[in-house]
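Asks: Just dropping this structure here.
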Number of protein chains: 2
Amino acid sequence: MSTLGSNDLSRRLVLGALVTMPALPGLLDATAAQAQAGAPLASWNDGPAKQAILDFVRVTTDPSSKDFVPPEERIAEFDQDGTLWVEHPVYTQIVFCLDHVGDLVKAKPELKDREPFETVLSGDRDAIAKLSMRDFFEIVLGTQSGMDVEAFRDETRKWLAEAKHPRWDRLYTELAYQPMIEVLNYLRANGYRTFIATGGSAGFVREYAEKVYGIVPEQVAGTEQAFKYGYDKDHRPILTREPKLVLDNLEAGKIENFWLMYGRRPYAAFGNSSSDDKQMLEYVKAGSGARLSVAVLHDDAKREYAYGPAQGLPNTSVGSFSQEMYDMAGKQDWIVVSMKDDWRRIFAFE
Amino acid sequence: MSTLGSNDLSRRLVLGALVTMPALPGLLDATAAQAQAGAPLASWNDGPAKQAILDFVRVTTDPSSKDFVPPEERIAEFDQDGTLWVEHPVYTQIVFCLDHVGDLVKAKPELKDREPFETVLSGDRDAIAKLSMRDFFEIVLGTQSGMDVEAFRDETRKWLAEAKHPRWDRLYTELAYQPMIEVLNYLRANGYRTFIATGGSAGFVREYAEKVYGIVPEQVAGTEQAFKYGYDKDHRPILTREPKLVLDNLEAGKIENFWLMYGRRPYAAFGNSSSDDKQMLEYVKAGSGARLSVAVLHDDAKREYAYGPAQGLPNTSVGSFSQEMYDMAGKQDWIVVSMKDDWRRIFAFE
């Protein structure tokens with residue numbers, strides 16, 4: 001059993017990815033061939049992964065099937081980074097937060113000489129690479145706190161409308177996987193309600209999930225900070241984001257908090273990360289009747305990225321697919337999706 | 001400004017209500033006239049409250065209205081106890097938990113001599129009446145923890161299928177207010193999604209909300225304990241309820257955690273409690289455009305109960321309507337619903 005996917009290591013390497021961030025704008029500047037064919041999962045190649053999804057939907061929605069699931073119980077859960085959109089070389093929300101450290105220390109100069117802010121401001125990428133996940137949480141709580149929830153929403157939307165991924169020179173919101181958007185649409189067309197369970201901040205993902213995935217804010221669960229009721233200077237009631245972590249959606253927290261948020265065991269789950277998705281995939285698959293657990297394997301270095309010990313590749317930390325998870329997938333009958341072989345097209349703009 | 005509705009006092013009196021619990025089974029043993037007329041809000045008398053609800057729905061759903069709300073943003077939030085069903089003489093979940101203290105001390109005999117369990121087991125209603133809200137939380141966490149989430153669900157459903165309200169000798173689930181069920185249906189028929197925000201445990205309310213109100217589990221927010229991922233003796237993955245409070249939905253927590261759970265400011269809110277609903281009603285009403293905040297006043301001693309300082313009645317603590325909240329309703333243009341005057345019928349079985 002590989003230990004390369006261990007969480008501590010993963011988390012320390014998250015920011016390390018910044019060091020090697022490639023800058024290849026315009027590499028895939030193809031036209032956005034958005035048209036969706038009449039057949040479901042048009043961007044998928046025929047094969048066992050596509051067939052497993054079609055079969056799962058058929059047996060859970062056919063009233064004569066022994067595995068029929070009543071419409072009100074049809075729940076599907078999706079990890080976000082690395083499952084619905086690109087997570088390399090670094091999680092988008094990390095870029096967002098690092099972009100806001102400057103504003104934060106302008107507002108609170110006392111942070112300038114305090115870690116982890118001093119390191120971020122130094123621009124020393126080797127030092128930034130050594131920050132821990134705790135350090136990162138402190139940066140998230142620092143940069144996302146003390147402001148009205150609606151002001152945070154506006155700021156997030158503004159950033160998302162401008163910030164671009166360095167490799168494709170496209171908005172992050174354009175880097176959703178077209179085959180997964182088709183899965184979302186196909187499930188919804190068959191009565192499933194689709195949810196996101198992310199290790200990132202729900203408040204960040206909620207600002208684009210509806211537009212990009214058709215998932216409304218109330219169906220996005222994530223790591224959550226506290227909110228505080230109060231009044232502004234004009235005595236108008238406001239809710240403020242507070243620097244206190246309430247729900248930690250990493251590791252098993254993702255499925256623990258899914259129950260807390262929604263009180264359901266999903267019938268289908270899609271993930272890709274050894275550290276943060278494997279418990280969710282295991283728990284969903286262990287339910288009664290037909291269940292679908294799908295793990296996305298990043299094995300397409302040409303069109304996207306290839307990483308993770310399961311392929312004998314280096315552990316790049318962001319959503320790495322460990323050998324342990326690969327073995328679980330085999331033993332527990334999950335579907336492993338090869339981006340290289342199973343996806344005819346990766347992005348809508350291709 | 002009245003201080004009678006103050007929270008500390010309220011909470012100390014919650015259990016005090018047990019002392020004076022009336023026992024009048026069969027008092028209103030009328031036939032269940034369930035037929036719903038074609039006109040919306042058939043169990044409402046014509047008057048300003050009914051008209052305000054109809055007007056709000058009209059202006060927010062008519063595309064030519066300046067206050068039109070796009071369907072995806074149509075969110076309505078409901079308190080549960082005292083707003084959707086009877087909360088007197090004591091919250092139903094308290095009865096549920098007290099019914100389970102015996103089982104708890106059987107499993108953990110060391111609790112027998114520890115407060116607050118010793119007091120509950122004593123049966124001394126005066127002493128039980130003096131327990132604080134903290135004591136009650138300890139009872140909730142004690143009686144609802146250490147078990148698999150699906151086992152808890154089964155136990156809750158079993159209890160709800162048997163336990164009866166002492167006054168009407170009917171299942172608690174029959175004591176939902178028919179006029180409010182009509183509001184829920186009317187809002188949903190007009191594209192609103194309906195949510196519960198309760199001070200009670202989401203896990204408890206989720207077990208009947210779908211059947212009683214048509215509200216699915218994932219649209220029920222409440223006070224939440226932690227969940228823990230693990231394995232049973234057969235190495236099957238399970239989620240266990242843990243004795244740790246994660247989300248406290250009392251007071252402003254109800255609207256703070258609504259944002260945490262769903263990332264939205266609702267367009268309509270319905271409540272009744274000075275301590276736990278007034279911030280929610282204030283925040284909703286302060287939003288831009290047309291907003292509807294409705295406070296239910298328990299002023300019908302004959303058909304239900306009458307209580308609260310706003311009517312010059314004693315503060316019975318369970319959802320008391322303080323003079324302060326009454327004044328806020330006037331200043332902020334909330335709708336105050338008189339159960340006596342605005343509701344033609346209170347229960348479906350009448």
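Each chain in the structure tokens gets a letter, A, B and so on, in the order shown; residues start at 1 in every chain, and ligands are counted from 1 in the order they appear.
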List as a Markdown table every residue of chain B that is in contact with chain A, defined as an atom at most 7 Å from one of its atoms (using only C-alpha atoms), together with the nearest atom pair and the distance in Å rounded to one decimal, sorted by chain and then rising number.
Replies:
| residue | atom | partner | partner_atom | distance |
| --- | --- | --- | --- | --- |
| B:Gly203 | CA | A:Gly263 | CA | 6.8 |
| B:Pro217 | CA | A:Gly263 | CA | 5.9 |
| B:Glu218 | CA | A:Tyr262 | CA | 3.9 |
| B:Glu224 | CA | A:Leu260 | CA | 6.8 |
| B:Phe227 | CA | A:Glu256 | CA | 5.3 |
| B:Lys228 | CA | A:Glu256 | CA | 6.0 |
| B:Tyr229 | CA | A:Ala252 | CA | 6.2 |
| B:Pro237 | CA | A:Tyr283 | CA | 5.8 |
| B:Leu239 | CA | A:Glu256 | CA | 6.8 |
| B:Val246 | CA | A:Val246 | CA | 6.9 |
| B:Ala252 | CA | A:Tyr229 | CA | 6.2 |
| B:Glu256 | CA | A:Phe227 | CA | 5.3 |
| B:Leu260 | CA | A:Glu224 | CA | 6.8 |
| B:Met261 | CA | A:Met261 | CA | 6.7 |
| B:Tyr262 | CA | A:Glu218 | CA | 3.9 |
| B:Gly263 | CA | A:Pro217 | CA | 5.9 |
| B:Tyr283 | CA | A:Pro237 | CA | 5.8 |
Asks: Only N, CA and C atoms, please: the residues just picked out, written as an mmCIF file, in the first residue's frame.
Replies:
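Wrote it out as result_16.cif, contents follow:
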data_model
loop_
_atom_site.group_PDB
_atom_site.id
_atom_site.type_symbol
_atom_site.label_atom_id
_atom_site.label_comp_id
_atom_site.auth_asym_id
_atom_site.auth_seq_id
_atom_site.Cartn_x
_atom_site.Cartn_y
_atom_site.Cartn_z
ATOM 1 N N GLY B 203 -31.582 16.694 12.184
ATOM 2 C CA GLY B 203 -31.757 15.250 12.025
ATOM 3 C C GLY B 203 -33.095 14.759 12.544
ATOM 4 N N PRO B 217 -35.218 16.479 3.043
ATOM 5 C CA PRO B 217 -34.205 16.611 4.103
ATOM 6 C C PRO B 217 -33.154 17.672 3.835
ATOM 7 N N GLU B 218 -32.706 17.774 2.587
ATOM 8 C CA GLU B 218 -31.621 18.727 2.299
ATOM 9 C C GLU B 218 -32.078 20.173 2.354
ATOM 10 N N GLU B 224 -26.956 21.486 14.875
ATOM 11 C CA GLU B 224 -26.297 20.285 14.372
ATOM 12 C C GLU B 224 -25.196 19.814 15.299
ATOM 13 N N PHE B 227 -20.601 14.698 13.061
ATOM 14 C CA PHE B 227 -20.689 13.322 12.581
ATOM 15 C C PHE B 227 -19.282 12.783 12.402
ATOM 16 N N LYS B 228 -19.149 11.479 12.605
ATOM 17 C CA LYS B 228 -17.813 10.879 12.529
ATOM 18 C C LYS B 228 -17.839 9.645 11.635
ATOM 19 N N TYR B 229 -16.888 9.615 10.714
ATOM 20 C CA TYR B 229 -16.776 8.491 9.796
ATOM 21 C C TYR B 229 -15.990 7.367 10.460
ATOM 22 N N PRO B 237 -18.515 0.844 6.320
ATOM 23 C CA PRO B 237 -18.382 2.253 6.703
ATOM 24 C C PRO B 237 -19.681 2.798 7.291
ATOM 25 N N LEU B 239 -21.505 6.337 9.543
ATOM 26 C CA LEU B 239 -21.417 7.689 10.098
ATOM 27 C C LEU B 239 -22.120 7.668 11.442
ATOM 28 N N VAL B 246 -21.958 21.522 16.692
ATOM 29 C CA VAL B 246 -21.225 22.184 15.607
ATOM 30 C C VAL B 246 -21.923 23.470 15.175
ATOM 31 N N ALA B 252 -29.515 34.551 16.793
ATOM 32 C CA ALA B 252 -29.103 34.926 15.433
ATOM 33 C C ALA B 252 -28.518 33.749 14.658
ATOM 34 N N GLU B 256 -27.596 33.219 10.611
ATOM 35 C CA GLU B 256 -26.165 33.032 10.320
ATOM 36 C C GLU B 256 -25.940 31.671 9.644
ATOM 37 N N LEU B 260 -24.649 30.020 5.997
ATOM 38 C CA LEU B 260 -23.618 28.981 5.949
ATOM 39 C C LEU B 260 -24.104 27.768 5.141
ATOM 40 N N MET B 261 -25.347 27.368 5.374
ATOM 41 C CA MET B 261 -25.865 26.162 4.726
ATOM 42 C C MET B 261 -26.197 26.406 3.252
ATOM 43 N N TYR B 262 -26.765 27.568 2.950
ATOM 44 C CA TYR B 262 -27.358 27.744 1.628
ATOM 45 C C TYR B 262 -26.846 28.955 0.856
ATOM 46 N N GLY B 263 -26.117 29.856 1.504
ATOM 47 C CA GLY B 263 -25.536 30.985 0.779
ATOM 48 C C GLY B 263 -26.548 31.934 0.164
ATOM 49 N N TYR B 283 -33.547 40.352 8.925
ATOM 50 C CA TYR B 283 -32.571 40.271 7.833
ATOM 51 C C TYR B 283 -33.258 40.072 6.491
#
Asks: Quick one: everything within 8 Å of Glu77 of chain B, counting only C-alpha atoms, minus sequence neighbours fewer than 2 positions away in the same chain. Send it as a list in words.
Replies: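 Contacts, with the query itself left out: Ile75, Asp79, Thr194, Phe195, Ile196, Ala197, Pro266, Ala268, Ala269 and Phe270 of chain B.
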Asks: If you count only C-alpha atoms, which residues fall within 9 Å of segment 134-142 of chain B, apart from same-chain ones fewer than 5 positions away, as a PDB file with N, CA, C and O atoms, in the first residue's frame?
Replies:
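This is the output file around-v4.pdb:
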ATOM      1  N   ARG B  11     -35.279  30.323  28.043  1.00  0.00           N
ATOM      2  CA  ARG B  11     -34.745  28.978  28.030  1.00  0.00           C
ATOM      3  C   ARG B  11     -34.929  28.280  29.359  1.00  0.00           C
ATOM      4  O   ARG B  11     -35.141  27.086  29.409  1.00  0.00           O
ATOM      5  N   LEU B  15     -38.455  24.031  29.881  1.00  0.00           N
ATOM      6  CA  LEU B  15     -38.821  22.776  30.521  1.00  0.00           C
ATOM      7  C   LEU B  15     -39.873  22.981  31.591  1.00  0.00           C
ATOM      8  O   LEU B  15     -40.607  22.063  31.938  1.00  0.00           O
ATOM      9  N   GLN B  93     -39.291  17.854  20.275  1.00  0.00           N
ATOM     10  CA  GLN B  93     -37.998  17.172  20.382  1.00  0.00           C
ATOM     11  C   GLN B  93     -37.556  17.006  21.826  1.00  0.00           C
ATOM     12  O   GLN B  93     -36.810  16.079  22.156  1.00  0.00           O
ATOM     13  N   ILE B  94     -37.983  17.914  22.697  1.00  0.00           N
ATOM     14  CA  ILE B  94     -37.646  17.741  24.118  1.00  0.00           C
ATOM     15  C   ILE B  94     -38.321  16.482  24.642  1.00  0.00           C
ATOM     16  O   ILE B  94     -37.715  15.691  25.363  1.00  0.00           O
ATOM     17  N   CYS B  97     -36.378  13.533  23.452  1.00  0.00           N
ATOM     18  CA  CYS B  97     -35.115  13.318  24.167  1.00  0.00           C
ATOM     19  C   CYS B  97     -35.356  12.818  25.590  1.00  0.00           C
ATOM     20  O   CYS B  97     -34.668  11.904  26.054  1.00  0.00           O
ATOM     21  N   LEU B  98     -36.329  13.404  26.276  1.00  0.00           N
ATOM     22  CA  LEU B  98     -36.596  12.957  27.647  1.00  0.00           C
ATOM     23  C   LEU B  98     -37.043  11.490  27.637  1.00  0.00           C
ATOM     24  O   LEU B  98     -36.684  10.716  28.519  1.00  0.00           O
ATOM     25  N   VAL B 101     -33.852   9.315  27.748  1.00  0.00           N
ATOM     26  CA  VAL B 101     -32.849   9.386  28.819  1.00  0.00           C
ATOM     27  C   VAL B 101     -32.741   8.032  29.520  1.00  0.00           C
ATOM     28  O   VAL B 101     -31.643   7.590  29.884  1.00  0.00           O
ATOM     29  N   LEU B 104     -30.528   5.833  27.559  1.00  0.00           N
ATOM     30  CA  LEU B 104     -29.158   6.324  27.624  1.00  0.00           C
ATOM     31  C   LEU B 104     -28.464   5.844  28.899  1.00  0.00           C
ATOM     32  O   LEU B 104     -27.341   5.343  28.858  1.00  0.00           O
ATOM     33  N   GLU B 115     -25.658  15.154  36.704  1.00  0.00           N
ATOM     34  CA  GLU B 115     -26.616  16.129  36.172  1.00  0.00           C
ATOM     35  C   GLU B 115     -26.349  16.366  34.689  1.00  0.00           C
ATOM     36  O   GLU B 115     -25.197  16.261  34.271  1.00  0.00           O
ATOM     37  N   PRO B 116     -27.320  16.685  33.897  1.00  0.00           N
ATOM     38  CA  PRO B 116     -28.729  16.868  34.249  1.00  0.00           C
ATOM     39  C   PRO B 116     -29.551  15.569  34.256  1.00  0.00           C
ATOM     40  O   PRO B 116     -30.739  15.603  34.497  1.00  0.00           O
ATOM     41  N   PHE B 117     -28.865  14.436  34.005  1.00  0.00           N
ATOM     42  CA  PHE B 117     -29.599  13.180  33.851  1.00  0.00           C
ATOM     43  C   PHE B 117     -30.274  12.748  35.154  1.00  0.00           C
ATOM     44  O   PHE B 117     -31.391  12.243  35.163  1.00  0.00           O
ATOM     45  N   SER B 201     -32.910  19.974  16.309  1.00  0.00           N
ATOM     46  CA  SER B 201     -31.942  19.209  15.517  1.00  0.00           C
ATOM     47  C   SER B 201     -32.478  18.977  14.108  1.00  0.00           C
ATOM     48  O   SER B 201     -33.577  18.451  13.944  1.00  0.00           O
ATOM     49  N   GLN B 225     -25.155  18.518  15.514  1.00  0.00           N
ATOM     50  CA  GLN B 225     -24.011  17.933  16.186  1.00  0.00           C
ATOM     51  C   GLN B 225     -23.053  17.396  15.125  1.00  0.00           C
ATOM     52  O   GLN B 225     -23.390  17.337  13.942  1.00  0.00           O
ATOM     53  N   ARG B 241     -23.351   9.791  14.989  1.00  0.00           N
ATOM     54  CA  ARG B 241     -23.630  11.093  15.609  1.00  0.00           C
ATOM     55  C   ARG B 241     -22.725  11.258  16.823  1.00  0.00           C
ATOM     56  O   ARG B 241     -22.649  10.365  17.671  1.00  0.00           O
ATOM     57  N   GLU B 242     -22.060  12.367  16.927  1.00  0.00           N
ATOM     58  CA  GLU B 242     -21.092  12.607  17.997  1.00  0.00           C
ATOM     59  C   GLU B 242     -21.602  13.648  19.001  1.00  0.00           C
ATOM     60  O   GLU B 242     -22.334  14.565  18.614  1.00  0.00           O
ATOM     61  N   PRO B 243     -21.183  13.520  20.274  1.00  0.00           N
ATOM     62  CA  PRO B 243     -21.665  14.460  21.298  1.00  0.00           C
ATOM     63  C   PRO B 243     -20.937  15.801  21.261  1.00  0.00           C
ATOM     64  O   PRO B 243     -20.355  16.241  22.247  1.00  0.00           O
ATOM     65  N   LYS B 244     -20.964  16.436  20.100  1.00  0.00           N
ATOM     66  CA  LYS B 244     -20.269  17.723  19.946  1.00  0.00           C
ATOM     67  C   LYS B 244     -21.168  18.645  19.135  1.00  0.00           C
ATOM     68  O   LYS B 244     -21.590  18.294  18.023  1.00  0.00           O
ATOM     69  N   LEU B 245     -21.445  19.810  19.683  1.00  0.00           N
ATOM     70  CA  LEU B 245     -22.296  20.782  18.995  1.00  0.00           C
ATOM     71  C   LEU B 245     -21.471  21.515  17.936  1.00  0.00           C
ATOM     72  O   LEU B 245     -20.414  22.060  18.232  1.00  0.00           O
TER      73      LEU B 245
END
Asks: Just checking: using only C-alpha atoms, which residue out of B:Asp341, B:Glu182, B:Glu350, B:Glu162 ends up closest to Ile53 of chain B?
Replies: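 Smallest distance to Ile53 of chain B is found for B:Glu182.
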Asks: Of the residues A:Lys331, A:Lys340, A:Arg74, A:Arg170, which is the one nearest to Arg291 of chain A, using only C-alpha atoms?
Replies: A:Arg74
Asks: Of the candidates A:Phe96, A:Tyr172, A:Tyr192, A:Phe349, which shows the shortest atom-to-atom distance to Ile215 of chain A, using only C-alpha atoms?
Replies: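 Looking at the shortest contact to Ile215 of chain A, the residue is A:Tyr192.
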Asks: As a list in words, please: the residues near Val337 of chain B (cut-off 10 Å, only C-alpha atoms, same-chain neighbours under 4 positions excluded).
Replies: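 Close residues of Val337 of chain B: Gly47, Pro48, Ala49, Lys50, Phe270, Asn272, Val294, Ala295, Val296, Leu297, His298, Asp299, Asp341, Asp342 and Trp343 of chain B.
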Asks: Just how far from atom CA of Pro179 of chain B is atom CA of Leu313 of chain B, in Å to one decimal?
Replies: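 For atom CA of Leu313 of chain B relative to atom CA of Pro179 of chain B, the distance reads 24.1 Å.
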Asks: Enumerate, as a PyMOL selection string, the complete set of residues in segment 109-338 of chain A that a backbone-based DSSP assignment places in alpha helix (DSSP H).
Replies: chain A and resi 117-122+125-129+133-143+149-160+178-189+202-213+253-262+278-285+323-332
Asks: As an NGL selection string, list the residues of segment 45-151 of chain A assigned to strand (DSSP E) by DSSP on the backbone atoms of this structure.
Replies: :A and (75-78)
Asks: Please indicate the distance in Å from atom CA of Pro40 of chain A to atom CA of Val183 of chain A, rounded to one decimal place.
Replies: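 Separating atom CA of Pro40 of chain A from atom CA of Val183 of chain A is a distance of 8.1 Å.
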Asks: Quote the spacing between atom CA of Ile335 of chain B and atom CA of Gln51 of chain B in Å to one decimal place.
Replies: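 Distance between the two atoms: 10.2 Å.
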Asks: Find the residues near Thr173 of chain B: any atom within 10 Å, counting only C-alpha atoms, skip ones fewer than 3 places away on the same chain, and give them as a PyMOL selection string.
Replies: chain B and resi 85-86+92+160-161+163-165+170+176+208-209+211-213
Asks: Of the candidates A:Asp169, A:His88, A:Ile181, A:Ala290, which shows the shortest atom-to-atom distance to Val59 of chain A, using only C-alpha atoms?
Replies: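 Using only C-alpha atoms, the shortest distance to Val59 of chain A belongs to A:Ala290.
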